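Have a look at the structure below, then the notes.
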Amino acid sequence: MSLLITKSHRWLSVPIGIQLLIWLGTGLYLSLFSNDGPALKIQKPQGIEWQVYAGKLYPVNQLPVKKAESIQTVLLAGKPVYEVILYSQPHNYQPRQVRLFDAVSGQPFSIDKQWAKAIALERYSGDAALSKIELEQSSGGLLPKQKNAYWSAYFDDSALTYIHIDQQSGRFLTASDEHRRFVALMFKLHFMDYWDTGSFNHPLLIIVAVLALAFGLSGLAWLIMLLKAGRFTVRLGALHKIDVLVANNNQNVTVQGRKNTTLLTTLTQNQLQLPAKCGGGGTCGTCRFYTQSSLPAQPAETHLISHSELAAGCRLACQHAAHSVDSIIVKDMATQALTLQVSRAQYITPTIKEIAFKVTGGNLQKFNAGSSMQFSIPGGKRRTVPVDIPSRWRSYWAQFDAQTVSYKSTTRSYSIANYSGECDELIFTIKWQCNTTTQKSGGAGSSYLCSLAPGESVEAYGPFASFAERAYQPGAKVLIGGGSGIAPLRALIYEALIQNSVSHQMIFIYGARNEEDLCYSDEFEHLAKRFENFTYLPTLSSPSPAWQGHSGYVQQLTRQHLNFDVFNSANFYLCGPAPMLAEVKSLLLSQHIEPQQIYIDSFNTNEVKNESNS
């Protein structure tokens with residue numbers, strides 16, 4: 001329910017915010033400039049001496065009219081005219097029927113172009129010439145509400161004055177100019193009267209009023225939730241002390257933070273970095289801490305943390321205010337940044353670049369396979385398309401527009417593709433993010449890291465063992481991955497086979513689009529020949545005709561190839577795109593694999609968790 005409330009409030013803010021800007025802009029214009037236009041050049045017609053026509057008017061009772069609502073004598077262009085109203089409604093813009101007769105001869109006539117010109121010149125008080133006159137049909141032109149045809153006369157003056165004359169009766173309807181027309185548009189936008197109803201009781205205004213009410217109620221509900229969770233306080237400026245025990249090095253640290261900030265922000269401001277792949281958005285579940293305080297579990301925590309861990313006091317630092325705890329325990333935390341220098345970099349697929357870093361600043365701690373580093377990505381302008389793509393893959397990138405985009409500073413987490421004892425480097429497989437729908441590409445983190453040249457440096461925190469610490473278990477292993485999700489799986493495979501010399505069965509199912517997108521295929525084929533307990537099963541969703549291996553998606557190959565009766569007690573390690581992970585997880589659960597046997601590291605949704613809370 002809380003997720004529905006927050007999402008509804010955010011989406012409702014879009015139309016309400018747009019309309020608020022329209023209200024403010026049009027209201028400001030109407031208050032400052034609506035009366036600044038030139039005077040309208042319109043005058044009343046001159047009267048006549050009616051006694052001149054005494055005894056000369058045609059008898060009204062002899063007019064060829066059987067039934068009329070009213071008959072009256074009016075002046076049109078200085079001439080007396082009988083106006084016979086056959087049918088009318090309360091407003092002049094509504095449909096009506098009128099006939100005109102010469103009041104002297106009794107002859108019927110209609111308002112043609114010459115009559116309209118004469119009437120318009122009579123009402124115009126300026127010196128400019130009449131530039132054009134044209135007949136407008138009902139519900140069209142400059143009078144959208146008008147249901148009767150009318151003549152529009154345009155004058156060639158500086159204000160672009162125009163006059164509207166009813167085509168049936170010859171009566172003057174209205175006159176305006178460009179300034180007043182723009183003011184009318186501002187009124188229409190201000191009152192949202194896009195259908196010219198002339199009232200406040202129209203559907204759009206009612207809809208916006210309902211949305212505004214829903215926006216206010218959802219905001220109130222959200223505020224109440226924040227108050228109950230202790231994440232919103234009015235104790236501005238107050239500082240709160242928190243004792244932090246870092247379990248991985250048995251270090252005690254005391255930090256201070258403002259009471260109305262999140263615990264994650266407080267730790268970061270004190271140079272203590274928890275893993276936070278989503279940057280504090282509550283979607284990755286990696287910024288974990290333990291406390292003995294009775295903190296209420298937030299909706300994000302019940303989704304990302306298992307029931308047993310919640311009962312043990314595990315919470316997310318991004319979901320609680322600093323003042324809600326006095327002491328915490330964190331299993332994994334970086335207290336200083338490492339300086340990483342690019343030692344080598346090369347594209348191993350059209351979109352994935354292998355980047356190796358040397359640690360040139362700070363002390364790199366020993367880490368388990370599957371660990372990750374959190375990079376500090378500076379803001380700035382960067383290209384959306386790489387410039388160092390090998391010639392054989394340039395045709396792939398031709399579909400994207402090369403642009404320069406400004407990015408804000410941020411953090412991004414990437415899994416390490418090697419294990420601690422493999423070499424003296426940190427190796428990453430980073431996919432340059434691209435979007436084939438919008439024909440644009442370039443993620444904030446990937447475009448920066450993939451643009452670094454050998455010798456250039458970047459700051460990073462870690463390694464963080466958010467995936468490996470909970471995932472490394474004895475027994476048979478099935479590793480399922482796709483795309484750049486190969487990084488932590490490669491590290492787990494090498495650590496198990498090379499460093500630990502495990503004897504249990506290991507199966508690696510890896511999916512890619514085509515042969516060019518297969519990462520490290522030669523390495524894994526060599527490992528499969530060297531180790532009898534390791535099986536490598538690549539599958540391609542769009543293979544070339546020359547491909548002789550498996551085709552289709554990894555979830556299909558998993559269903560077809562894996563004997564779940566044999567691997568019912570195995571541990572499953574998944575890393576790749578979120579849609580793939582969701583389908584594989586659903587498949588495993590349908591085959592009676594227990595949730596606690598499934599470990600997921602999703603690089604798309606920033607989700608790293610054990611599935612025992614499902």
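We label chains A, B, ... in the order they appear in the structure tokens, count residues from 1 in each chain, and number ligands from 1 in the order shown.
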
Which residues come within 7 Å of Tyr58 (chain A), counting only C-alpha atoms, excluding same-chain residues fewer than 5 positions away, as a short mmCIF file (atom, residue, chain, number, x, y, z; two decimals) with C-alpha atoms, in the first residue's frame?
data_model
loop_
_atom_site.label_atom_id
_atom_site.label_comp_id
_atom_site.auth_asym_id
_atom_site.auth_seq_id
_atom_site.Cartn_x
_atom_site.Cartn_y
_atom_site.Cartn_z
CA ALA A 103 -38.47 48.44 -44.18
CA VAL A 104 -39.42 50.74 -47.10
CA SER A 105 -39.97 48.31 -49.98
CA GLY A 106 -40.76 45.18 -47.99
#

Within 10 Å of region 284-291 of chain A using only C-alpha atoms, minus same-chain residues under 6 positions, as a compact mmCIF listing (two decimals) with C-alpha atoms, in the first residue's frame:
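See out-v9.txt below for the written result:
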# COMPACT_ATOMS: atom_id res chain seq x y z
CA VAL A 244 29.22 1.95 14.61
CA LEU A 245 30.89 -1.46 14.89
CA VAL A 246 32.43 -2.62 11.62
CA LEU A 263 21.40 6.78 8.38
CA LEU A 264 22.98 6.05 4.99
CA GLN A 273 30.67 3.81 2.79
CA LEU A 274 28.08 1.08 2.92
CA PRO A 275 27.41 -0.75 -0.34
CA ALA A 276 24.47 1.03 -1.97
CA LYS A 277 24.02 0.05 -5.58
CA CYS A 278 20.82 2.06 -5.98
CA ALA A 300 11.22 -2.00 1.06
CA GLU A 301 12.85 -4.07 3.81
CA HIS A 303 10.62 -7.16 0.19
CA LEU A 304 14.44 -7.26 0.18
CA ILE A 305 15.36 -8.87 3.51
CA GLU A 309 17.25 -11.53 9.05
CA LEU A 310 14.54 -9.02 9.90
CA ALA A 312 17.72 -10.66 13.83
CA GLY A 313 17.62 -6.86 13.55
CA CYS A 314 18.76 -6.44 9.95
CA ARG A 315 17.59 -3.18 8.39
CA LEU A 316 18.47 -0.88 5.47
CA ALA A 317 20.35 2.34 6.23
CA CYS A 318 18.51 4.23 3.49
CA GLN A 319 15.13 3.52 5.12
CA VAL A 325 19.33 4.28 16.43
CA ASP A 326 22.13 4.85 18.93
CA SER A 327 24.38 1.97 17.88
CA ILE A 328 24.61 -0.32 14.87
CA ILE A 329 26.67 -3.21 13.54
CA VAL A 330 27.67 -3.39 9.89
CA LYS A 331 29.30 -6.46 8.40
CA ASP A 332 30.87 -4.75 5.42
CA MET A 333 31.97 -1.14 5.20
CA PHE A 464 31.93 -5.17 -0.81
CA ALA A 465 30.95 -8.82 -0.46
CA SER A 466 27.20 -8.29 -0.79
CA PHE A 467 26.79 -11.17 -3.25
CA ASP A 601 22.80 -10.42 -8.30
CA SER A 602 20.79 -8.29 -10.72
CA PHE A 603 22.83 -5.58 -12.40
CA THR A 605 17.52 -3.53 -11.05
CA ASN A 606 20.38 -3.14 -8.58
CA GLU A 607 18.99 -6.03 -6.59
CA VAL A 608 21.33 -8.26 -4.64
CA LYS A 609 19.65 -10.72 -2.32

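Considering only region 489-549 of chain A, backbone DSSP assigns helix (DSSP H, G or I) to A:Leu489, A:Arg490, A:Ala491, A:Leu492, A:Ile493, A:Tyr494, A:Glu495, A:Ala496, A:Leu497, A:Ile498, A:Gln499, A:Glu515, A:Glu516, A:Asp517, A:Ser521, A:Asp522, A:Glu523, A:Phe524, A:Glu525, A:His526, A:Leu527, A:Ala528, A:Lys529, A:Arg530.
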
With C-alpha atoms retained, write the just-selected residues as a PDB file, in the first residue's frame.
ATOM      1  CA  LEU A 489      29.969 -15.717 -11.997  1.00  0.00           C
ATOM      2  CA  ARG A 490      33.394 -15.845 -13.661  1.00  0.00           C
ATOM      3  CA  ALA A 491      35.002 -14.954 -10.332  1.00  0.00           C
ATOM      4  CA  LEU A 492      33.028 -17.645  -8.485  1.00  0.00           C
ATOM      5  CA  ILE A 493      33.957 -20.281 -11.089  1.00  0.00           C
ATOM      6  CA  TYR A 494      37.673 -19.463 -11.056  1.00  0.00           C
ATOM      7  CA  GLU A 495      37.852 -19.261  -7.268  1.00  0.00           C
ATOM      8  CA  ALA A 496      36.080 -22.610  -6.882  1.00  0.00           C
ATOM      9  CA  LEU A 497      38.058 -24.485  -9.551  1.00  0.00           C
ATOM     10  CA  ILE A 498      41.512 -22.863  -9.440  1.00  0.00           C
ATOM     11  CA  GLN A 499      41.940 -21.651  -5.881  1.00  0.00           C
ATOM     12  CA  GLU A 515      28.561 -15.354 -31.245  1.00  0.00           C
ATOM     13  CA  GLU A 516      30.115 -11.892 -30.966  1.00  0.00           C
ATOM     14  CA  ASP A 517      28.357 -11.301 -27.629  1.00  0.00           C
ATOM     15  CA  SER A 521      33.977 -18.402 -24.269  1.00  0.00           C
ATOM     16  CA  ASP A 522      37.528 -19.663 -24.979  1.00  0.00           C
ATOM     17  CA  GLU A 523      38.362 -19.527 -21.257  1.00  0.00           C
ATOM     18  CA  PHE A 524      35.299 -21.490 -20.194  1.00  0.00           C
ATOM     19  CA  GLU A 525      35.735 -24.081 -22.931  1.00  0.00           C
ATOM     20  CA  HIS A 526      39.313 -24.573 -21.707  1.00  0.00           C
ATOM     21  CA  LEU A 527      38.100 -24.942 -18.103  1.00  0.00           C
ATOM     22  CA  ALA A 528      35.473 -27.484 -19.198  1.00  0.00           C
ATOM     23  CA  LYS A 529      38.207 -29.602 -20.812  1.00  0.00           C
ATOM     24  CA  ARG A 530      40.522 -29.239 -17.824  1.00  0.00           C
TER      25      ARG A 530
END

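The space between CA of Gln168 (chain A) and CA of Ser131 (chain A) spans 22.6 Å.
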
- request: Write down as a PyMOL selection string the residues belonging to region 159-328 of chain A that are assigned strand (DSSP E or B) by DSSP computed on the backbone.
  value: chain A and resi 162-166+172-176+239-246+251-258+262+273+288-290+314-316+321+327-328

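For the pair CA of Ser415 (chain A) and CA of Gly485 (chain A), the interatomic distance is 8.4 Å.
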
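Residue nearest Leu426 (chain A) within the list A:Ile85, A:Ile377, A:Leu449, A:Leu364: A:Leu364 [criterion: smallest interatomic distance, only C-alpha atoms].
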
field: Minimum-distance residue to Pro474 (chain A), chosen among A:Ala570, A:Ile111, A:Leu220, A:Ala453 (using only C-alpha atoms)
entry: A:Ala570

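Of the listed residues A:Leu574, A:Ala321, A:Gly552, A:Ser293, the one whose atoms come nearest to Thr265 (chain A) is A:Ala321, with distances taken using only C-alpha atoms.
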
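For the residues A:Ile16, A:Val359, A:Leu537, A:Leu24, ranking by smallest atom-to-atom distance to Ser457 (chain A) using only C-alpha atoms places A:Val359 first.
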